[in-house]
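The file upload30.txt contains compact mmCIF, C-alpha atoms:
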```txt
# COMPACT_ATOMS: atom_id res chain seq x y z
CA MET A 235 17.94 27.33 -3.11
CA ALA A 236 18.30 23.54 -2.91
CA THR A 237 16.69 21.05 -5.23
CA THR A 238 15.89 17.40 -4.66
CA GLU A 239 16.36 16.13 -8.21
CA THR A 240 19.03 18.16 -9.99
CA GLN A 241 21.42 21.09 -9.54
CA ALA A 242 20.92 22.50 -13.01
CA GLY A 243 18.70 25.40 -11.90
CA GLU A 244 15.06 26.13 -11.17
CA LYS A 245 14.10 26.78 -14.77
CA LYS A 246 14.37 23.16 -15.82
CA LEU A 247 11.18 21.11 -15.70
CA LEU A 248 12.65 18.35 -13.57
CA ASP A 249 13.81 20.69 -10.82
CA PHE A 250 11.84 20.23 -7.60
CA PRO A 251 12.86 23.09 -5.27
CA THR A 252 12.78 22.78 -1.49
CA SER A 253 13.32 25.32 1.26
CA CYS A 254 16.66 23.80 2.21
CA ALA A 255 18.83 20.81 1.42
CA ALA A 256 17.88 17.42 2.81
CA PRO A 257 20.10 16.19 5.65
CA ILE A 258 22.88 13.71 4.96
CA PRO A 259 21.73 10.16 5.78
CA ARG A 260 23.25 8.63 8.89
CA PRO A 261 25.00 5.22 8.67
CA GLU A 262 22.90 2.14 9.29
CA GLU A 263 22.92 0.58 12.74
CA PRO A 264 24.56 -2.84 13.24
CA ILE A 265 22.62 -5.87 12.01
CA LYS A 266 20.09 -7.24 14.51
CA ILE A 267 21.25 -10.85 14.49
CA VAL A 268 18.44 -12.51 16.47
CA PRO A 269 15.50 -10.84 14.64
CA LEU A 270 17.25 -11.54 11.32
CA ALA A 271 17.68 -15.21 12.17
CA VAL A 272 14.06 -15.55 13.32
CA ALA A 273 12.60 -13.72 10.31
CA GLY A 274 14.89 -15.63 7.94
CA ALA A 275 13.84 -18.97 9.45
CA PHE A 276 10.17 -18.03 9.09
CA ALA A 277 10.75 -17.00 5.47
CA VAL A 278 12.47 -20.25 4.53
CA GLY A 279 10.21 -22.53 6.56
CA LEU A 280 6.93 -21.02 5.40
CA THR A 281 8.00 -20.94 1.77
CA TRP A 282 9.00 -24.60 1.96
CA TYR A 283 5.71 -25.58 3.64
CA VAL A 284 3.44 -23.68 1.25
CA TRP A 285 5.34 -24.92 -1.81
CA ALA A 286 5.30 -28.55 -0.61
CA ALA A 287 1.72 -28.58 0.64
CA HIS A 288 -0.05 -26.46 -1.95
CA GLY A 289 2.15 -26.29 -5.03
CA ALA A 290 4.57 -24.04 -6.86
CA LYS A 291 2.06 -21.28 -7.67
CA PHE A 292 1.36 -20.56 -4.01
CA GLY A 293 5.02 -20.98 -3.09
CA VAL A 294 5.98 -18.36 -5.67
CA LEU A 295 3.30 -16.00 -4.34
CA ILE A 296 4.75 -16.09 -0.86
CA ILE A 297 8.23 -15.48 -2.31
CA LEU A 298 6.82 -12.44 -4.13
CA GLY A 299 5.34 -11.28 -0.83
CA LEU A 300 8.75 -11.59 0.85
CA LEU A 301 10.31 -9.51 -1.91
CA LEU A 302 7.54 -6.92 -1.64
CA GLY A 303 8.28 -6.62 2.08
CA LEU A 304 11.99 -6.16 1.41
CA ALA A 305 11.33 -3.47 -1.21
CA LEU A 306 8.71 -1.63 0.85
CA PHE A 307 10.97 -1.39 3.89
CA HIS A 308 14.26 -0.68 2.14
CA SER A 309 12.70 2.15 0.12
CA ARG A 310 10.39 3.23 3.01
CA PHE A 311 7.78 3.45 0.29
CA GLY A 312 4.74 5.25 1.63
CA PHE A 313 1.33 6.32 0.46
CA THR A 314 0.14 7.89 3.71
CA SER A 315 3.17 10.15 4.15
CA ALA A 316 3.29 11.03 0.44
CA TRP A 317 -0.26 12.38 0.42
CA ARG A 318 0.26 14.10 3.78
CA GLN A 319 3.39 15.87 2.52
CA LEU A 320 1.64 16.96 -0.67
CA ILE A 321 -1.48 18.32 1.03
CA ALA A 322 0.25 19.86 4.05
CA VAL A 323 3.27 21.58 2.49
CA GLY A 324 3.21 20.87 -1.26
CA ASN A 325 6.12 18.41 -1.45
CA GLY A 326 5.25 16.04 -4.29
CA GLN A 327 8.27 13.72 -4.10
CA GLY A 328 6.18 10.84 -2.79
CA LEU A 329 3.43 11.32 -5.37
CA ARG A 330 6.01 11.37 -8.16
CA ALA A 331 7.29 8.04 -6.86
CA HIS A 332 3.70 6.78 -7.09
CA THR A 333 3.58 7.74 -10.75
CA LEU A 334 6.72 5.70 -11.46
CA LEU A 335 5.29 2.72 -9.59
CA LEU A 336 1.97 3.02 -11.42
CA GLY A 337 3.63 3.47 -14.80
CA THR A 338 5.90 0.46 -14.30
CA ALA A 339 3.03 -1.78 -13.21
CA ALA A 340 0.75 -0.50 -15.99
CA THR A 341 3.40 -1.20 -18.62
CA LEU A 342 4.00 -4.77 -17.48
CA ILE A 343 0.31 -5.54 -17.04
CA ALA A 344 -0.48 -4.17 -20.51
CA LEU A 345 2.16 -6.52 -21.96
CA ILE A 346 0.82 -9.48 -19.95
CA VAL A 347 -2.80 -8.91 -20.91
CA GLY A 348 -2.00 -7.96 -24.49
CA THR A 349 -0.11 -11.21 -25.03
CA GLY A 350 -2.43 -13.36 -22.90
CA SER A 351 0.51 -14.48 -20.77
CA GLY A 352 0.19 -16.34 -17.48
CA LEU A 353 2.08 -18.77 -15.30
CA PHE A 354 0.84 -21.92 -13.55
CA GLY A 355 -2.25 -22.03 -15.74
CA SER A 356 -3.46 -18.56 -14.76
CA THR A 357 -5.27 -16.35 -17.26
CA PRO A 358 -4.97 -12.54 -17.08
CA ASN A 359 -8.25 -11.19 -15.73
CA PRO A 360 -8.31 -7.38 -15.48
CA THR A 361 -11.56 -6.05 -14.07
CA ALA A 362 -13.08 -2.61 -13.55
CA GLY A 363 -14.53 -1.65 -10.18
CA GLY A 364 -17.96 -0.09 -9.96
CA LEU A 365 -18.36 3.70 -9.93
CA GLY A 366 -20.71 5.02 -7.31
CA LEU A 367 -21.44 6.29 -3.84
CA ALA A 368 -19.75 3.40 -2.02
CA LEU A 369 -16.50 4.09 -3.87
CA PHE A 370 -16.55 7.79 -3.05
CA VAL A 371 -17.44 7.33 0.62
CA GLY A 372 -15.16 4.32 1.09
CA ALA A 373 -12.07 5.96 -0.42
CA THR A 374 -12.62 9.08 1.68
CA ILE A 375 -13.07 7.08 4.90
CA PHE A 376 -10.02 4.97 4.08
CA ALA A 377 -7.82 8.04 3.61
CA ILE A 378 -9.00 9.56 6.90
CA GLY A 379 -8.12 6.26 8.56
CA MET A 380 -4.67 6.27 6.94
CA GLN A 381 -3.80 9.61 8.46
CA LEU A 382 -5.06 8.63 11.91
CA GLY A 383 -3.64 5.10 11.86
CA GLY A 384 -0.25 6.23 10.58
CA ALA A 385 -0.02 3.81 7.65
CA CYS A 386 -1.86 2.57 4.59
CA ALA A 387 -2.59 -1.08 3.85
CA SER A 388 0.86 -2.05 2.57
CA GLY A 389 2.50 0.34 5.04
CA THR A 390 0.69 -1.34 7.92
CA LEU A 391 2.09 -4.71 6.92
CA PHE A 392 5.70 -3.67 6.48
CA ALA A 393 5.61 -1.53 9.63
CA VAL A 394 4.30 -4.46 11.68
CA GLY A 395 7.03 -6.67 10.23
CA SER A 396 9.68 -4.14 11.20
CA GLY A 397 8.57 -4.10 14.85
CA GLN A 398 6.53 -0.88 15.04
CA SER A 399 4.21 -1.60 17.96
CA THR A 400 1.77 1.23 17.29
CA ILE A 401 0.99 -0.17 13.85
CA VAL A 402 0.11 -3.54 15.39
CA LEU A 403 -2.85 -1.67 16.88
CA THR A 404 -3.63 -0.28 13.43
CA LEU A 405 -3.58 -3.80 11.98
CA GLY A 406 -5.91 -5.00 14.74
CA GLY A 407 -8.30 -2.16 13.96
CA PHE A 408 -7.98 -2.92 10.24
CA ILE A 409 -9.06 -6.53 10.76
CA THR A 410 -11.86 -5.41 13.09
CA GLY A 411 -13.16 -2.89 10.55
CA SER A 412 -13.06 -5.51 7.81
CA VAL A 413 -15.11 -7.89 9.98
CA LEU A 414 -17.59 -5.12 10.79
CA TYR A 415 -18.10 -4.57 7.07
CA THR A 416 -18.79 -8.24 6.39
CA TRP A 417 -21.25 -8.32 9.33
CA ALA A 418 -23.01 -5.14 8.11
CA TYR A 419 -22.79 -6.16 4.45
CA PRO A 420 -26.57 -5.93 3.78
CA LEU A 421 -26.51 -2.30 4.97
CA LEU A 422 -23.23 -1.25 3.31
CA SER A 423 -23.70 -2.93 -0.07
CA GLY A 424 -26.07 -2.30 -2.94
CA TRP A 425 -25.54 1.46 -2.96
CA PRO A 426 -26.20 3.29 -6.28
CA GLU A 427 -23.40 2.82 -8.79
CA PHE A 428 -22.60 2.63 -12.47
CA LYS A 429 -20.83 -0.22 -14.20
CA GLY A 430 -17.04 0.06 -14.11
CA ILE A 431 -15.11 1.40 -17.10
CA LEU A 432 -12.00 -0.36 -18.39
CA LEU A 433 -10.13 1.84 -20.87
CA ALA A 434 -8.92 -1.15 -22.86
CA ASP A 435 -12.52 -2.03 -23.74
CA HIS A 436 -12.74 1.25 -25.64
CA VAL A 437 -9.25 2.04 -26.95
CA GLY A 438 -7.41 -1.30 -26.71
CA TRP A 439 -4.56 -2.15 -24.37
CA PHE A 440 -2.01 0.02 -26.13
CA GLY A 441 -4.35 2.99 -26.09
CA SER A 442 -5.13 2.37 -22.42
CA TRP A 443 -1.42 2.32 -21.63
CA VAL A 444 -0.79 5.55 -23.56
CA ILE A 445 -3.59 7.37 -21.71
CA THR A 446 -2.41 6.09 -18.34
CA VAL A 447 1.21 7.12 -18.92
CA ALA A 448 0.13 10.53 -20.27
CA VAL A 449 -1.94 11.26 -17.16
CA LEU A 450 0.90 10.12 -14.91
CA ALA A 451 3.31 12.42 -16.77
CA ALA A 452 0.86 15.30 -16.29
CA ILE A 453 0.81 14.59 -12.55
CA VAL A 454 4.61 14.82 -12.45
CA VAL A 455 4.47 18.20 -14.23
CA GLY A 456 1.68 19.40 -11.94
CA THR A 457 3.57 18.50 -8.76
CA ARG A 458 6.58 20.40 -10.07
CA PHE A 459 4.60 23.61 -10.35
CA VAL A 460 2.93 23.10 -6.96
CA GLN A 461 6.29 22.44 -5.32
CA LYS A 462 7.94 25.44 -6.97
CA ARG A 463 5.16 27.71 -5.79
CA ARG A 464 5.05 26.45 -2.19
CA ASN A 465 8.80 25.77 -1.76
CA PRO A 466 8.31 23.03 0.86
CA PRO A 467 10.80 21.43 3.25
CA PRO A 468 12.63 18.40 1.83
CA VAL A 469 11.53 14.88 2.70
CA ASP A 470 13.37 13.44 5.68
CA VAL A 471 16.03 10.81 5.06
CA VAL A 472 16.69 7.53 6.83
CA PRO A 473 19.97 5.83 7.76
CA THR A 474 21.62 4.00 4.89
CA ALA A 475 24.38 1.59 4.07
CA HIS A 476 26.81 2.38 1.27
CA GLY A 477 28.18 0.59 -1.75
CA PHE A 478 27.19 -3.00 -2.54
CA ALA A 479 25.86 -3.52 1.01
CA ARG A 480 23.08 -1.02 0.28
CA ILE A 481 21.28 -3.61 -1.83
CA PHE A 482 20.79 -5.86 1.15
CA ARG A 483 20.79 -3.41 4.05
CA GLY A 484 19.12 -0.35 2.49
CA SER A 485 17.99 2.28 2.29
CA TRP A 486 17.07 2.39 -1.39
CA PRO A 487 16.28 5.58 -3.30
CA ILE A 488 12.51 5.88 -3.39
CA LEU A 489 12.43 5.83 -7.21
CA VAL A 490 14.36 2.55 -7.20
CA GLY A 491 11.80 1.18 -4.77
CA ALA A 492 8.99 2.35 -7.05
CA VAL A 493 10.38 0.44 -10.03
CA VAL A 494 11.04 -2.72 -8.01
CA LEU A 495 7.52 -2.63 -6.52
CA GLY A 496 6.02 -2.06 -9.98
CA VAL A 497 7.88 -5.09 -11.34
CA LEU A 498 6.72 -7.21 -8.40
CA ALA A 499 3.11 -6.04 -8.86
CA GLY A 500 3.38 -7.17 -12.48
CA ALA A 501 4.83 -10.50 -11.32
CA VAL A 502 1.86 -11.09 -8.98
CA PHE A 503 -0.45 -10.46 -11.93
CA LEU A 504 1.53 -12.86 -14.12
CA VAL A 505 1.51 -15.63 -11.52
CA SER A 506 -2.06 -15.30 -10.28
CA GLY A 507 -3.96 -13.66 -13.13
CA GLY A 508 -5.15 -10.92 -10.76
CA ILE A 509 -3.82 -7.67 -9.35
CA TRP A 510 -1.80 -7.41 -6.16
CA GLY A 511 -4.27 -6.87 -3.33
CA VAL A 512 -4.07 -6.59 0.45
CA THR A 513 -7.24 -5.91 2.39
CA SER A 514 -9.59 -8.73 1.39
CA ALA A 515 -7.28 -11.00 3.39
CA PHE A 516 -8.09 -9.06 6.57
CA SER A 517 -11.78 -9.96 6.24
CA LEU A 518 -10.81 -13.59 5.80
CA TRP A 519 -8.45 -13.59 8.78
CA GLY A 520 -11.08 -11.96 10.97
CA ALA A 521 -13.72 -14.53 10.00
CA LYS A 522 -11.37 -17.43 10.69
CA ILE A 523 -10.47 -15.97 14.08
CA LEU A 524 -14.17 -15.77 14.95
CA GLN A 525 -14.59 -19.42 13.94
CA VAL A 526 -11.75 -20.41 16.26
CA PHE A 527 -13.75 -18.90 19.13
CA GLY A 528 -16.88 -20.82 18.16
CA LEU A 529 -18.70 -18.05 16.30
CA HIS A 530 -20.30 -18.53 12.89
CA PRO A 531 -19.55 -15.73 10.41
CA GLU A 532 -20.20 -18.25 7.63
CA THR A 533 -23.92 -17.63 8.27
CA TRP A 534 -23.57 -13.93 7.40
CA GLU A 535 -24.81 -12.84 4.00
CA PHE A 536 -21.32 -11.73 2.88
CA TRP A 537 -19.81 -15.15 3.51
CA ARG A 538 -22.73 -16.94 1.84
CA LEU A 539 -21.77 -15.44 -1.52
CA LYS A 540 -20.28 -18.20 -3.65
CA ALA A 541 -16.75 -16.87 -4.08
CA ASN A 542 -16.50 -15.70 -0.47
CA ALA A 543 -17.82 -19.00 0.88
CA ALA A 544 -15.18 -20.89 -1.12
CA SER A 545 -12.47 -18.59 0.22
CA LEU A 546 -13.60 -19.07 3.82
CA ALA A 547 -13.73 -22.84 3.44
CA ALA A 548 -10.20 -23.05 2.02
CA PRO A 549 -6.93 -22.68 4.01
CA ILE A 550 -5.40 -19.22 4.00
CA TRP A 551 -2.33 -20.72 2.31
CA LYS A 552 -4.37 -20.90 -0.89
CA ASP A 553 -5.50 -17.28 -0.70
CA LYS A 554 -3.40 -15.03 -2.93
CA ASN A 555 -3.66 -11.91 -0.83
CA SER A 556 -3.04 -13.73 2.44
CA LEU A 557 0.17 -15.20 1.04
CA THR A 558 1.54 -11.88 -0.16
CA ASP A 559 0.43 -10.10 3.03
CA ILE A 560 2.16 -12.60 5.30
CA GLY A 561 5.19 -12.53 3.01
CA ILE A 562 5.35 -8.73 3.27
CA MET A 563 5.46 -8.82 7.07
CA ILE A 564 8.19 -11.45 7.15
CA GLY A 565 10.18 -9.84 4.32
CA ALA A 566 10.03 -6.47 6.10
CA GLY A 567 11.26 -8.17 9.26
CA VAL A 568 14.27 -9.51 7.36
CA ALA A 569 14.95 -6.10 5.83
CA ALA A 570 14.56 -4.19 9.10
CA ALA A 571 16.83 -6.59 10.98
CA ALA A 572 19.46 -6.41 8.22
CA ALA A 573 19.29 -2.61 8.42
CA GLY A 574 19.64 -2.65 12.21
CA ALA A 575 16.25 -0.93 12.46
CA TRP A 576 14.07 -3.71 13.92
CA LYS A 577 12.81 -2.52 17.30
CA ILE A 578 9.68 -2.98 19.41
CA HIS A 579 8.45 0.28 20.95
CA SER A 580 7.15 -0.41 24.45
CA SER A 581 5.63 3.00 25.22
CA ILE A 582 2.67 4.26 23.18
CA PRO A 583 0.79 7.46 24.17
CA TRP A 584 -2.87 6.68 24.78
CA ARG A 585 -4.13 9.17 22.19
CA THR A 586 -1.81 7.66 19.60
CA ALA A 587 -3.12 4.20 20.47
CA VAL A 588 -6.74 5.36 20.10
CA ALA A 589 -5.93 6.96 16.74
CA ALA A 590 -4.21 3.77 15.57
CA VAL A 591 -7.18 1.56 16.38
CA LEU A 592 -9.76 4.03 15.05
CA GLY A 593 -7.74 4.60 11.89
CA GLY A 594 -7.48 0.87 11.31
CA ILE A 595 -11.24 0.40 11.72
CA LEU A 596 -11.95 3.21 9.25
CA MET A 597 -9.53 1.69 6.74
CA GLY A 598 -11.09 -1.76 7.13
CA VAL A 599 -14.60 -0.49 6.46
CA GLY A 600 -13.50 2.00 3.80
CA ALA A 601 -11.44 -0.50 1.80
CA ARG A 602 -14.31 -2.94 1.57
CA MET A 603 -16.82 -0.24 0.62
CA ALA A 604 -14.52 1.17 -2.06
CA GLY A 605 -13.55 -2.21 -3.52
CA GLY A 606 -9.95 -1.99 -2.37
CA CYS A 607 -7.25 0.08 -0.72
CA ASN A 608 -4.21 2.03 -1.89
CA ILE A 609 -2.94 -1.22 -3.43
CA GLY A 610 -5.97 -3.12 -4.71
CA ALA A 611 -7.99 -0.07 -5.82
CA TYR A 612 -5.45 2.70 -6.44
CA LEU A 613 -2.42 0.80 -7.76
CA GLY A 614 -4.39 -2.15 -9.10
CA GLY A 615 -7.15 -0.06 -10.67
CA ILE A 616 -4.89 2.45 -12.40
CA SER A 617 -2.44 -0.22 -13.58
CA VAL A 618 -5.20 -2.11 -15.46
CA GLY A 619 -6.73 1.09 -16.85
CA SER A 620 -9.83 1.16 -14.65
CA LEU A 621 -11.49 4.53 -14.04
CA HIS A 622 -12.27 3.21 -10.57
CA GLY A 623 -8.59 3.53 -9.59
CA TRP A 624 -8.33 7.15 -10.66
CA LEU A 625 -11.49 8.15 -8.81
CA TRP A 626 -10.30 6.28 -5.73
CA GLY A 627 -7.15 8.42 -5.76
CA VAL A 628 -9.09 11.68 -6.12
CA PHE A 629 -11.38 10.95 -3.19
CA ALA A 630 -8.48 9.62 -1.13
CA LEU A 631 -6.77 13.00 -1.53
CA GLY A 632 -9.93 14.65 -0.21
CA GLY A 633 -9.99 12.22 2.71
CA THR A 634 -6.34 13.01 3.39
CA TRP A 635 -7.21 16.70 3.79
CA ILE A 636 -9.89 15.79 6.34
CA GLY A 637 -7.51 13.41 8.11
CA LEU A 638 -4.91 16.15 8.50
CA LYS A 639 -7.52 18.33 10.22
CA LEU A 640 -8.27 15.49 12.67
CA ARG A 641 -4.71 14.41 13.49
CA PRO A 642 -4.03 17.16 16.08
CA LEU A 643 -7.02 15.92 18.12
CA PHE A 644 -4.97 12.79 18.79
CA GLY A 645 -1.68 14.53 19.42
CA LEU A 646 -0.41 13.76 15.90
CA GLY A 647 1.56 16.44 14.05
CA ASN A 648 1.47 17.60 10.45
CA PRO A 649 4.33 19.05 8.37
CA VAL A 650 4.51 22.85 8.24
CA PRO A 651 6.49 25.08 5.85
CA THR A 652 8.98 26.13 8.56
CA ASP A 653 10.08 22.52 9.27
CA SER A 654 13.58 21.50 8.23
CA VAL A 655 12.17 18.23 6.84
CA CYS A 656 8.67 16.94 6.20
```

Take the structure in this file and express it as structure tokens.
Amino acid sequence: MATTETQAGEKKLLDFPTSCAAPIPRPEEPIKIVPLAVAGAFAVGLTWYVWAAHGAKFGVLIILGLLLGLALFHSRFGFTSAWRQLIAVGNGQGLRAHTLLLGTAATLIALIVGTGSGLFGSTPNPTAGGLGLALFVGATIFAIGMQLGGACASGTLFAVGSGQSTIVLTLGGFITGSVLYTWAYPLLSGWPEFKGILLADHVGWFGSWVITVAVLAAIVVGTRFVQKRRNPPPVDVVPTAHGFARIFRGSWPILVGAVVLGVLAGAVFLVSGGIWGVTSAFSLWGAKILQVFGLHPETWEFWRLKANAASLAAPIWKDKNSLTDIGIMIGAGVAAAAAGAWKIHSSIPWRTAVAAVLGGILMGVGARMAGGCNIGAYLGGISVGSLHGWLWGVFALGGTWIGLKLRPLFGLGNPVPTDSVC
């Protein structure tokens, strides 16, 4: 019997048994010089422009986005695959990595808010999302879209940056779905809901942190028992460099990636005063694209709201989420080229293409209904102690189960217990 965490025996709590040992990682491919040079030039040039034109705060945000892209790709950090592996075969390795990411971010954000710290004049502003029907439906729809589209919000960005052509279709669908939500805002907003609950308002920031970490620890224990009972295949491995070169060429252990991403999420909060988010930028990009073609989304009710109108009127280089999103794509391009993994896939089966677009549309609508995605709602909500984040995760797991039932209709496979890897 092989284990993924330790060789000390199945009786120890931190043993996570699998049906066989994971394969030995292959060596990385040679560096892709041209993609690395192009992505590196974009990274340097855009950082210089944003810093010079809009100030240090926005320049630092795009640097953080670049680092997020590097960490996401080098650790192949996934939300979509983690939930699929858990639901399909009971392998909780990915979900345990989520708990480390969430715990790291929650710890740093508790320190930032508790001390009132902020850079560039920002003030920490944790908020609690509303609890109601839109959250439940939106999170479920989003998770179905994840499984059809092949990536979550952050996964879509780093996959596009690394040259995965199918996910470009997912991103297009994501932007389209976000635009559809803003157009249909009068119909999709105002659903019954209760006021959001922020744990710190009731037990203080230390108490909120203790509760969050305790629940995360319970999830780790729970996944251990699920995995022991179901004895799933191990998670597949990716090619890797060795020694000091691994820092720059990858791949990183997923738990290392979780800590790095948690630190960077805390850094975004420190710099901007708000949580790391992704999907609100897609609504903004879609609206600006429509304006380029002479259409007038600014007349829609969504874009007449004060905060949204100000965002639409401003350049995207002053939008926090746009900066980190663009940074993620470029940073992932740098990482993929350095790893020798940057490649454009020219052939996409038509059913896969349909699933990618449909999944993206569902994620775009679902994220806006639910007040965020796997980053803004799940990671962001849990890390600030909002009940909204926990409920988003619960309903996303339910949506994942539905998504797995739908994947075969589009020629997409699911892990099964007899696989050698999942």

Can you work out the spacing between atom CA of Trp635 of chain A and atom CA of Ala373 of chain A in Å, to one decimal?
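Taking atom CA of Trp635 of chain A as the start and atom CA of Ala373 of chain A as the end point, the length is 12.5 Å.
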
Can you list, as a CSV table (one decimal) with C-alpha atoms, keeping the file's coordinate frame, every protein, DNA or RNA residue that comes within 9 Å of Glu427 of chain A when you count all atoms listed in the file, leaving out same-chain residues fewer than 3 positions away?
```csv
chain,number,residue,atom,x,y,z
A,364,GLY,CA,-18.0,-0.1,-10.0
A,365,LEU,CA,-18.4,3.7,-9.9
A,366,GLY,CA,-20.7,5.0,-7.3
A,367,LEU,CA,-21.4,6.3,-3.8
A,368,ALA,CA,-19.8,3.4,-2.0
A,369,LEU,CA,-16.5,4.1,-3.9
A,424,GLY,CA,-26.1,-2.3,-2.9
A,430,GLY,CA,-17.0,0.1,-14.1
```

Given all atoms listed in the file, how would the per-residue table for segment 524-569 of chain A near segment 271-286 of chain A read, listing every residue at most 7 Å away with its closest atom pair and distance in Å to one decimal, sorted by chain and number, as CSV?
```
residue,atom,partner,partner_atom,distance
A:Trp551,CA,A:Val284,CA,6.6
A:Ile564,CA,A:Ala273,CA,5.9
A:Gly567,CA,A:Ala273,CA,5.8
A:Val568,CA,A:Ala273,CA,5.4
```

As a ChimeraX atom specification, please: the residues near Ile378 of chain A (cut-off 9 Å, all atoms listed in the file, same-chain neighbours under 3 positions excluded).
/A:373-375,381-383,593,596-597,630,632-638,640

Mind dumping a table of every segment 403-504 of chain A residue within 10 Å of segment 585-590 of chain A, with the nearest atom pair and its distance in Å to one decimal, using all atoms listed in the file, sorted by chain and rising number, as CSV?
```
residue,atom,partner,partner_atom,distance
A:Leu403,CA,A:Ala590,CA,5.8
A:Thr404,CA,A:Ala590,CA,4.6
A:Leu405,CA,A:Ala590,CA,8.4
A:Gly406,CA,A:Ala590,CA,9.0
A:Gly407,CA,A:Ala590,CA,7.4
A:Phe408,CA,A:Ala590,CA,9.3
```

Env of segment 516-523 of chain A: 7 Å cut, atoms = all atoms listed in the file, seq-sep filter 5 positions within chain, self excluded. Answer as a ChimeraX atom specification.
/A:409-410,412-413,531,546

Which protein, DNA or RNA residues have an atom at most 10 Å from (3.9, -10.0, 1.8), counting only C-alpha atoms? List them as JSON, numbers by chain.
{"A": [295, 296, 297, 298, 299, 300, 301, 302, 303, 304, 306, 388, 391, 392, 395, 512, 555, 556, 557, 558, 559, 560, 561, 562, 563, 564, 565, 566]}

Would you tabulate, counting only C-alpha atoms, all residues of segment 324-402 of chain A that have an atom at most 7 Å from an atom of segment 484-503 of chain A, showing the closest pair of atoms and their distance in Å to one decimal, sorted by chain then ascending number, as a Markdown table?
```
| residue | atom | partner | partner_atom | distance |
| --- | --- | --- | --- | --- |
| A:Ala331 | CA | A:Leu489 | CA | 5.6 |
| A:His332 | CA | A:Ala492 | CA | 6.9 |
| A:Leu334 | CA | A:Ala492 | CA | 6.0 |
| A:Leu335 | CA | A:Ala492 | CA | 4.5 |
| A:Leu336 | CA | A:Gly496 | CA | 6.7 |
| A:Thr338 | CA | A:Gly496 | CA | 5.0 |
| A:Ala339 | CA | A:Gly496 | CA | 4.4 |
| A:Leu342 | CA | A:Gly500 | CA | 5.6 |
| A:Ile343 | CA | A:Gly500 | CA | 5.7 |
```

Measuring atom to atom with only C-alpha atoms, identify which of A:Val591, A:Val437, A:Phe644, A:Ala418 is nearest to Glu535 of chain A.
A:Ala418

Could you pull the residues within 10 Å of Pro420 of chain A, counting all atoms listed in the file, minus those fewer than 3 positions along the same chain, as a ChimeraX atom specification?
/A:415-417,423-424,534-536

Distance atom CA of Pro649 of chain A-atom CA of Lys577 of chain A, one decimal place?
24.8 Å

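Using all atoms listed in the file, every residue with an atom at most 9 Å from the point (-3.4, -3.3, -7.3) is listed here: Ala339, Ala499, Gly508, Ile509, Trp510, Gly511, Val512, Gly606, Cys607, Asn608, Ile609, Gly610, Ala611, Tyr612, Leu613, Gly614, Gly615, Ile616, Ser617, Val618 and Gly623 of chain A.
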